[in-house]
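A.B. asks: This one is target_5.tsv, TSV, N, CA and C atoms.
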chain	number	residue	atom	x	y	z
A	1	MET	N	-23.39	-5.78	33.69
A	1	MET	CA	-23.51	-4.35	33.60
A	1	MET	C	-22.14	-3.73	33.85
A	2	ALA	N	-21.73	-2.85	32.98
A	2	ALA	CA	-20.44	-2.19	33.12
A	2	ALA	C	-20.54	-1.08	34.15
A	3	THR	N	-19.48	-0.92	34.91
A	3	THR	CA	-19.40	0.18	35.86
A	3	THR	C	-18.25	1.09	35.44
A	4	ILE	N	-18.13	2.21	36.10
A	4	ILE	CA	-17.07	3.15	35.78
A	4	ILE	C	-15.68	2.51	35.94
A	5	TRP	N	-15.58	1.55	36.88
A	5	TRP	CA	-14.28	0.92	37.12
A	5	TRP	C	-13.83	0.08	35.93
A	6	ASP	N	-14.78	-0.31	35.06
A	6	ASP	CA	-14.42	-1.07	33.87
A	6	ASP	C	-13.69	-0.21	32.85
A	7	PHE	N	-13.82	1.11	32.97
A	7	PHE	CA	-13.23	2.01	31.99
A	7	PHE	C	-12.02	2.76	32.53
A	8	ILE	N	-11.65	2.48	33.75
A	8	ILE	CA	-10.51	3.15	34.37
A	8	ILE	C	-9.34	2.18	34.41
A	9	LYS	N	-8.19	2.65	33.91
A	9	LYS	CA	-6.99	1.82	33.97
A	9	LYS	C	-6.35	2.00	35.33
A	10	ASN	N	-6.38	0.94	36.11
A	10	ASN	CA	-5.79	0.98	37.44
A	10	ASN	C	-4.37	0.46	37.42
A	11	ASN	N	-3.56	1.04	38.23
A	11	ASN	CA	-2.23	0.53	38.48
A	11	ASN	C	-2.40	-0.72	39.35
A	12	PRO	N	-1.64	-1.76	39.12
A	12	PRO	CA	-1.81	-2.98	39.92
A	12	PRO	C	-1.63	-2.77	41.42
A	13	SER	N	-1.02	-1.68	41.82
A	13	SER	CA	-0.81	-1.46	43.25
A	13	SER	C	-1.81	-0.47	43.84
A	14	GLU	N	-2.93	-0.23	43.14
A	14	GLU	CA	-3.94	0.67	43.69
A	14	GLU	C	-5.34	0.10	43.50
A	15	ARG	N	-6.23	0.49	44.42
A	15	ARG	CA	-7.62	0.03	44.40
A	15	ARG	C	-8.48	1.11	45.05
A	16	PRO	N	-9.79	1.06	44.85
A	16	PRO	CA	-10.65	2.07	45.47
A	16	PRO	C	-10.53	2.05	46.99
A	17	LYS	N	-10.54	3.21	47.60
A	17	LYS	CA	-10.46	3.29	49.06
A	17	LYS	C	-11.73	2.73	49.69
A	18	TYR	N	-12.88	3.01	49.08
A	18	TYR	CA	-14.17	2.54	49.58
A	18	TYR	C	-14.89	1.76	48.49
A	19	THR	N	-15.35	0.58	48.80
A	19	THR	CA	-16.25	-0.13	47.89
A	19	THR	C	-17.66	0.39	48.15
A	20	ARG	N	-18.58	0.09	47.24
A	20	ARG	CA	-19.96	0.54	47.46
A	20	ARG	C	-20.54	-0.14	48.71
A	21	TYR	N	-20.03	-1.32	49.03
A	21	TYR	CA	-20.51	-2.03	50.22
A	21	TYR	C	-20.04	-1.34	51.50
A	22	GLU	N	-18.82	-0.85	51.48
A	22	GLU	CA	-18.32	-0.10	52.64
A	22	GLU	C	-19.08	1.21	52.80
A	23	LEU	N	-19.35	1.87	51.68
A	23	LEU	CA	-20.12	3.11	51.75
A	23	LEU	C	-21.55	2.83	52.22
A	24	ALA	N	-22.13	1.73	51.75
A	24	ALA	CA	-23.48	1.35	52.18
A	24	ALA	C	-23.51	1.17	53.69
A	25	LYS	N	-22.50	0.51	54.21
A	25	LYS	CA	-22.43	0.28	55.66
A	25	LYS	C	-22.29	1.60	56.42
A	26	LEU	N	-21.44	2.50	55.92
A	26	LEU	CA	-21.26	3.80	56.56
A	26	LEU	C	-22.56	4.60	56.57
A	27	VAL	N	-23.27	4.59	55.44
A	27	VAL	CA	-24.53	5.33	55.34
A	27	VAL	C	-25.56	4.77	56.33
A	28	LYS	N	-25.68	3.45	56.35
A	28	LYS	CA	-26.66	2.83	57.24
A	28	LYS	C	-26.33	3.11	58.70
A	29	GLU	N	-25.05	2.97	59.07
A	29	GLU	CA	-24.64	3.22	60.45
A	29	GLU	C	-24.92	4.67	60.85
A	30	GLU	N	-24.63	5.60	59.94
A	30	GLU	CA	-24.87	7.02	60.23
A	30	GLU	C	-26.36	7.30	60.36
A	31	ARG	N	-27.17	6.73	59.48
A	31	ARG	CA	-28.62	6.92	59.54
A	31	ARG	C	-29.17	6.41	60.87
A	32	ILE	N	-28.73	5.22	61.25
A	32	ILE	CA	-29.21	4.63	62.50
A	32	ILE	C	-28.74	5.45	63.70
A	33	SER	N	-27.50	5.91	63.67
A	33	SER	CA	-26.98	6.71	64.80
A	33	SER	C	-27.74	8.02	64.95
A	34	LYS	N	-28.26	8.54	63.84
A	34	LYS	CA	-29.04	9.78	63.89
A	34	LYS	C	-30.53	9.51	64.09
A	35	GLN	N	-30.87	8.23	64.26
A	35	GLN	CA	-32.25	7.79	64.47
A	35	GLN	C	-33.18	8.28	63.38
A	36	LEU	N	-32.72	8.12	62.13
A	36	LEU	CA	-33.51	8.51	60.97
A	36	LEU	C	-33.97	7.26	60.22
A	37	SER	N	-35.06	7.38	59.52
A	37	SER	CA	-35.52	6.29	58.65
A	37	SER	C	-35.12	6.61	57.21
A	38	THR	N	-35.21	5.63	56.36
A	38	THR	CA	-34.93	5.89	54.94
A	38	THR	C	-35.94	6.89	54.38
A	39	VAL	N	-37.16	6.89	54.90
A	39	VAL	CA	-38.18	7.86	54.48
A	39	VAL	C	-37.76	9.27	54.89
A	40	ASP	N	-37.22	9.40	56.11
A	40	ASP	CA	-36.73	10.71	56.57
A	40	ASP	C	-35.67	11.25	55.61
A	41	LEU	N	-34.74	10.39	55.23
A	41	LEU	CA	-33.66	10.83	54.33
A	41	LEU	C	-34.20	11.13	52.94
A	42	ALA	N	-35.13	10.31	52.49
A	42	ALA	CA	-35.73	10.54	51.17
A	42	ALA	C	-36.40	11.91	51.13
A	43	ASN	N	-37.12	12.24	52.19
A	43	ASN	CA	-37.78	13.54	52.26
A	43	ASN	C	-36.76	14.68	52.32
A	44	LYS	N	-35.72	14.48	53.12
A	44	LYS	CA	-34.69	15.53	53.26
A	44	LYS	C	-34.01	15.82	51.92
A	45	TYR	N	-33.70	14.75	51.16
A	45	TYR	CA	-32.95	14.91	49.91
A	45	TYR	C	-33.84	14.88	48.67
A	46	ASN	N	-35.16	14.84	48.89
A	46	ASN	CA	-36.13	14.88	47.80
A	46	ASN	C	-35.88	13.77	46.77
A	47	VAL	N	-35.72	12.55	47.30
A	47	VAL	CA	-35.56	11.35	46.46
A	47	VAL	C	-36.50	10.28	46.99
A	48	ASP	N	-36.65	9.22	46.24
A	48	ASP	CA	-37.50	8.10	46.66
A	48	ASP	C	-36.80	7.29	47.75
A	49	SER	N	-37.56	6.80	48.72
A	49	SER	CA	-36.96	6.03	49.82
A	49	SER	C	-36.30	4.74	49.32
A	50	SER	N	-36.78	4.21	48.20
A	50	SER	CA	-36.15	3.00	47.66
A	50	SER	C	-34.72	3.27	47.22
A	51	LEU	N	-34.42	4.52	46.88
A	51	LEU	CA	-33.03	4.88	46.53
A	51	LEU	C	-32.13	4.68	47.75
A	52	TRP	N	-32.56	5.19	48.92
A	52	TRP	CA	-31.75	5.03	50.13
A	52	TRP	C	-31.62	3.57	50.53
A	53	GLU	N	-32.69	2.82	50.37
A	53	GLU	CA	-32.63	1.40	50.70
A	53	GLU	C	-31.63	0.69	49.79
A	54	SER	N	-31.63	1.03	48.51
A	54	SER	CA	-30.68	0.38	47.59
A	54	SER	C	-29.24	0.80	47.87
A	55	ILE	N	-29.05	2.03	48.32
A	55	ILE	CA	-27.70	2.48	48.70
A	55	ILE	C	-27.23	1.67	49.90
A	56	GLU	N	-28.08	1.54	50.90
A	56	GLU	CA	-27.70	0.82	52.12
A	56	GLU	C	-27.52	-0.68	51.88
A	57	ASN	N	-28.18	-1.20	50.88
A	57	ASN	CA	-28.02	-2.62	50.55
A	57	ASN	C	-26.84	-2.85	49.60
A	58	GLY	N	-26.27	-1.79	49.07
A	58	GLY	CA	-25.19	-1.93	48.09
A	58	GLY	C	-25.67	-2.60	46.82
A	59	SER	N	-26.96	-2.49	46.54
A	59	SER	CA	-27.54	-3.21	45.41
A	59	SER	C	-27.63	-2.37	44.14
A	60	ARG	N	-27.07	-1.20	44.17
A	60	ARG	CA	-27.13	-0.33	43.00
A	60	ARG	C	-25.73	0.15	42.67
A	61	THR	N	-25.48	0.33	41.39
A	61	THR	CA	-24.21	0.90	40.98
A	61	THR	C	-24.25	2.39	41.29
A	62	PHE	N	-23.24	2.86	42.00
A	62	PHE	CA	-23.23	4.26	42.41
A	62	PHE	C	-22.86	5.14	41.22
A	63	ASN	N	-23.60	6.24	41.09
A	63	ASN	CA	-23.33	7.22	40.05
A	63	ASN	C	-23.05	8.56	40.72
A	64	VAL	N	-22.91	9.60	39.93
A	64	VAL	CA	-22.55	10.92	40.46
A	64	VAL	C	-23.60	11.40	41.47
A	65	LYS	N	-24.87	11.23	41.14
A	65	LYS	CA	-25.94	11.67	42.05
A	65	LYS	C	-25.82	10.98	43.41
A	66	ILE	N	-25.59	9.69	43.38
A	66	ILE	CA	-25.49	8.93	44.63
A	66	ILE	C	-24.26	9.34	45.43
A	67	TYR	N	-23.12	9.51	44.74
A	67	TYR	CA	-21.93	9.97	45.46
A	67	TYR	C	-22.17	11.35	46.08
A	68	ASN	N	-22.89	12.22	45.38
A	68	ASN	CA	-23.20	13.54	45.94
A	68	ASN	C	-24.08	13.41	47.18
A	69	LEU	N	-25.08	12.56	47.14
A	69	LEU	CA	-25.95	12.34	48.29
A	69	LEU	C	-25.18	11.79	49.48
A	70	ILE	N	-24.36	10.76	49.21
A	70	ILE	CA	-23.57	10.14	50.28
A	70	ILE	C	-22.59	11.15	50.87
A	71	SER	N	-21.93	11.90	50.00
A	71	SER	CA	-20.97	12.90	50.44
A	71	SER	C	-21.63	13.90	51.38
A	72	ASP	N	-22.79	14.42	50.98
A	72	ASP	CA	-23.49	15.39	51.81
A	72	ASP	C	-23.95	14.77	53.12
A	73	PHE	N	-24.54	13.59	53.04
A	73	PHE	CA	-25.07	12.95	54.24
A	73	PHE	C	-23.97	12.60	55.24
A	74	LEU	N	-22.86	12.05	54.76
A	74	LEU	CA	-21.78	11.65	55.66
A	74	LEU	C	-20.85	12.80	56.03
A	75	GLY	N	-20.93	13.90	55.26
A	75	GLY	CA	-20.03	15.02	55.51
A	75	GLY	C	-18.60	14.71	55.10
A	76	ILE	N	-18.46	13.86	54.07
A	76	ILE	CA	-17.15	13.48	53.55
A	76	ILE	C	-17.06	13.97	52.12
A	77	GLU	N	-15.99	14.66	51.79
A	77	GLU	CA	-15.82	15.17	50.43
A	77	GLU	C	-15.90	14.04	49.41
A	78	LYS	N	-16.51	14.33	48.28
A	78	LYS	CA	-16.64	13.33	47.22
A	78	LYS	C	-15.27	12.83	46.76
A	79	SER	N	-14.29	13.73	46.72
A	79	SER	CA	-12.95	13.33	46.32
A	79	SER	C	-12.37	12.28	47.27
A	80	GLU	N	-12.73	12.37	48.55
A	80	GLU	CA	-12.28	11.37	49.53
A	80	GLU	C	-12.99	10.04	49.29
A	81	LEU	N	-14.28	10.10	48.97
A	81	LEU	CA	-15.04	8.86	48.71
A	81	LEU	C	-14.51	8.12	47.49
A	82	LEU	N	-13.97	8.87	46.54
A	82	LEU	CA	-13.49	8.28	45.28
A	82	LEU	C	-11.98	8.03	45.28
A	83	LYS	N	-11.34	8.31	46.38
A	83	LYS	CA	-9.89	8.16	46.49
A	83	LYS	C	-9.45	6.72	46.29
A	84	LYS	N	-8.24	6.56	45.84
A	84	LYS	CA	-7.65	5.23	45.69
A	84	LYS	C	-6.61	5.00	46.77
A	85	GLU	N	-6.51	3.76	47.22
A	85	GLU	CA	-5.43	3.37	48.11
A	85	GLU	C	-4.30	2.87	47.23
A	86	VAL	N	-3.10	3.30	47.52
A	86	VAL	CA	-1.94	2.91	46.72
A	86	VAL	C	-0.95	2.22	47.65
A	87	ASP	N	-0.53	1.02	47.25
A	87	ASP	CA	0.45	0.29	48.03
A	87	ASP	C	1.80	0.98	47.95
A	88	ASP	N	2.51	1.01	49.05
A	88	ASP	CA	3.85	1.57	49.08
A	88	ASP	C	4.83	0.51	48.59
A	89	LEU	N	5.31	0.69	47.38
A	89	LEU	CA	6.24	-0.27	46.79
A	89	LEU	C	7.68	0.24	46.81
A	90	SER	N	7.92	1.29	47.59
A	90	SER	CA	9.25	1.90	47.60
A	90	SER	C	10.32	0.96	48.13
A	91	GLY	N	9.96	0.01	48.96
A	91	GLY	CA	10.95	-0.91	49.52
A	91	GLY	C	11.23	-2.11	48.64
A	92	ILE	N	10.56	-2.20	47.50
A	92	ILE	CA	10.75	-3.34	46.61
A	92	ILE	C	11.71	-2.97	45.49
A	93	SER	N	12.69	-3.77	45.29
A	93	SER	CA	13.67	-3.52	44.24
A	93	SER	C	13.34	-4.36	43.01
A	94	TYR	N	13.26	-3.68	41.87
A	94	TYR	CA	13.00	-4.37	40.61
A	94	TYR	C	14.28	-4.51	39.77
A	95	ARG	N	15.41	-4.25	40.38
A	95	ARG	CA	16.67	-4.32	39.63
A	95	ARG	C	16.89	-5.67	38.98
A	96	SER	N	16.56	-6.72	39.69
A	96	SER	CA	16.83	-8.06	39.17
A	96	SER	C	15.84	-8.47	38.09
A	97	THR	N	14.80	-7.69	37.84
A	97	THR	CA	13.79	-8.07	36.85
A	97	THR	C	13.99	-7.36	35.52
A	98	ALA	N	15.03	-6.56	35.41
A	98	ALA	CA	15.20	-5.73	34.22
A	98	ALA	C	15.18	-6.53	32.91
A	99	ASN	N	15.75	-7.72	32.88
A	99	ASN	CA	15.80	-8.50	31.65
A	99	ASN	C	15.11	-9.85	31.79
A	100	HIS	N	14.19	-9.96	32.71
A	100	HIS	CA	13.53	-11.24	32.96
A	100	HIS	C	12.02	-11.08	32.83
A	101	ASP	N	11.51	-11.30	31.62
A	101	ASP	CA	10.08	-11.14	31.37
A	101	ASP	C	9.23	-12.06	32.23
A	102	ASP	N	9.71	-13.28	32.47
A	102	ASP	CA	8.92	-14.21	33.28
A	102	ASP	C	8.79	-13.74	34.72
A	103	VAL	N	9.83	-13.11	35.25
A	103	VAL	CA	9.77	-12.58	36.62
A	103	VAL	C	8.82	-11.38	36.67
A	104	GLU	N	8.89	-10.51	35.67
A	104	GLU	CA	7.99	-9.35	35.62
A	104	GLU	C	6.54	-9.82	35.52
A	105	GLU	N	6.28	-10.85	34.72
A	105	GLU	CA	4.93	-11.39	34.59
A	105	GLU	C	4.46	-11.98	35.92
A	106	ALA	N	5.35	-12.65	36.63
A	106	ALA	CA	5.00	-13.22	37.93
A	106	ALA	C	4.66	-12.12	38.94
A	107	ILE	N	5.41	-11.04	38.90
A	107	ILE	CA	5.14	-9.91	39.80
A	107	ILE	C	3.78	-9.32	39.47
A	108	MET	N	3.47	-9.13	38.19
A	108	MET	CA	2.17	-8.58	37.78
A	108	MET	C	1.04	-9.51	38.22
A	109	THR	N	1.21	-10.80	38.06
A	109	THR	CA	0.19	-11.77	38.46
A	109	THR	C	-0.01	-11.74	39.97
A	110	ALA	N	1.09	-11.68	40.71
A	110	ALA	CA	1.00	-11.60	42.17
A	110	ALA	C	0.25	-10.34	42.60
A	111	ASN	N	0.51	-9.22	41.93
A	111	ASN	CA	-0.20	-7.98	42.24
A	111	ASN	C	-1.70	-8.12	41.98
A	112	LEU	N	-2.08	-8.75	40.89
A	112	LEU	CA	-3.49	-8.94	40.57
A	112	LEU	C	-4.17	-9.84	41.59
A	113	ILE	N	-3.49	-10.90	42.00
A	113	ILE	CA	-4.04	-11.79	43.03
A	113	ILE	C	-4.18	-11.05	44.35
A	114	PHE	N	-3.18	-10.26	44.71
A	114	PHE	CA	-3.24	-9.47	45.93
A	114	PHE	C	-4.42	-8.51	45.89
A	115	ASP	N	-4.62	-7.82	44.75
A	115	ASP	CA	-5.75	-6.91	44.61
A	115	ASP	C	-7.07	-7.64	44.82
A	116	GLU	N	-7.19	-8.83	44.26
A	116	GLU	CA	-8.42	-9.61	44.41
A	116	GLU	C	-8.64	-9.99	45.88
A	117	ILE	N	-7.59	-10.39	46.57
A	117	ILE	CA	-7.71	-10.73	47.99
A	117	ILE	C	-8.18	-9.52	48.79
A	118	ILE	N	-7.58	-8.36	48.53
A	118	ILE	CA	-7.95	-7.14	49.25
A	118	ILE	C	-9.41	-6.79	48.98
A	119	MET	N	-9.85	-6.84	47.72
A	119	MET	CA	-11.22	-6.49	47.39
A	119	MET	C	-12.19	-7.50	48.02
A	120	GLN	N	-11.85	-8.78	48.06
A	120	GLN	CA	-12.70	-9.77	48.70
A	120	GLN	C	-12.83	-9.47	50.19
A	121	GLU	N	-11.73	-9.07	50.82
A	121	GLU	CA	-11.77	-8.71	52.23
A	121	GLU	C	-12.66	-7.47	52.44
A	122	LYS	N	-12.52	-6.49	51.54
A	122	LYS	CA	-13.29	-5.24	51.66
A	122	LYS	C	-14.79	-5.51	51.57
A	123	ILE	N	-15.21	-6.43	50.71
A	123	ILE	CA	-16.64	-6.68	50.56
A	123	ILE	C	-17.13	-7.80	51.46
A	124	GLY	N	-16.24	-8.36	52.25
A	124	GLY	CA	-16.63	-9.39	53.22
A	124	GLY	C	-16.98	-10.71	52.59
A	125	ALA	N	-16.33	-11.02	51.47
A	125	ALA	CA	-16.63	-12.27	50.76
A	125	ALA	C	-15.68	-13.38	51.13
A	126	ASN	N	-14.95	-13.22	52.21
A	126	ASN	CA	-13.94	-14.22	52.57
A	126	ASN	C	-14.52	-15.47	53.16
Please, can you express the file's structure as structure tokens?
C.D. replies:
Amino acid sequence: MATIWDFIKNNPSERPKYTRYELAKLVKEERISKQLSTVDLANKYNVDSSLWESIENGSRTFNVKIYNLISDFLGIEKSELLKKEVDDLSGISYRSTANHDDVEEAIMTANLIFDEIIMQEKIGAN
């Protein structure tokens, strides 16, 4: 199943600030801290309780409706939930790579591997 991230061209030095699994954890922790059930939230937001359960399990692809619900429930702006983290590459000099395609390719590959490591850490798949 394609997600929105499949259609977005990411810079190799940026990734989503929050994965759906991180958001699921935040929602569940907030619900529990407020001593609410998924039925309570479903009633409050006029949605089915299975929707909240799937959000907390990270088992559903998040869409605009879900981001709006999460944003309202957590009190976090949707723009913050969708923000990207960007690596600070200002200290890296690319001067020596100007005419070396193999070095540029190695840098790109290293960035992709780094992104994969970060995303694996974010979703707890390590």
A.B. asks: To one decimal place in Å, what is the distance between atom CA of Leu36 of chain A and atom CA of Trp52 of chain A?
C.D. replies: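 So the two atoms, atom CA of Leu36 of chain A and atom CA of Trp52 of chain A, lie 11.5 Å apart.
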A.B. asks: In Å, rounded to a single decimal, give me how far atom CA of Thr19 of chain A is from atom CA of Lys84 of chain A.
C.D. replies: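 These two atoms are separated by 10.4 Å.
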A.B. asks: Would you compute an axis-aligned box for segment 18-25 of chain A, covering every atom listed for it in the file with 5 Å of margin on each side, and report centre and edge lengths in Å to one decimal as JSON?
C.D. replies:
{"center_x": -18.2, "center_y": 0.5, "center_z": 51.8, "size_x": 20.6, "size_y": 15.1, "size_z": 19.2}
A.B. asks: Which of these residues is nearest to Glu56 of chain A, using only C-alpha atoms: A:Lys34, A:Leu74, A:Leu23, A:Leu41?
C.D. replies: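 So, comparing all the options, the nearest one is A:Leu23.
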A.B. asks: Out of A:Ala24, A:Leu112, A:Ile117, A:Ile107, which residue has the shortest atom-to-atom distance to Gly58 of chain A when counting only C-alpha atoms?
C.D. replies: A:Ala24
A.B. asks: Enter the distance from atom C of Lys17 of chain A to atom C of Ala110 of chain A, in Å, rounded to one decimal.
C.D. replies: 19.1 Å
A.B. asks: Restricting the calculation to all atoms listed in the file: of A:Ser71, A:Pro16, A:Asn63, A:Ile55, which residue gets closest to Lys28 of chain A?
C.D. replies: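 The closest residue to Lys28 of chain A is A:Ile55.
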A.B. asks: When distances are computed from only C-alpha atoms, which of A:Glu22, A:Thr61, A:Asn111, A:Leu51 shows the smallest separation from Leu81 of chain A?
C.D. replies: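 Closest to Leu81 of chain A, using only C-alpha atoms: A:Glu22.
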A.B. asks: Please determine, counting only C-alpha atoms, which residue among A:Phe73, A:Ala42, A:Glu14, A:Arg20 has the shortest atom-to-atom distance to Val86 of chain A.
C.D. replies: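 Counting only C-alpha atoms, the residue closest to Val86 of chain A is A:Glu14.
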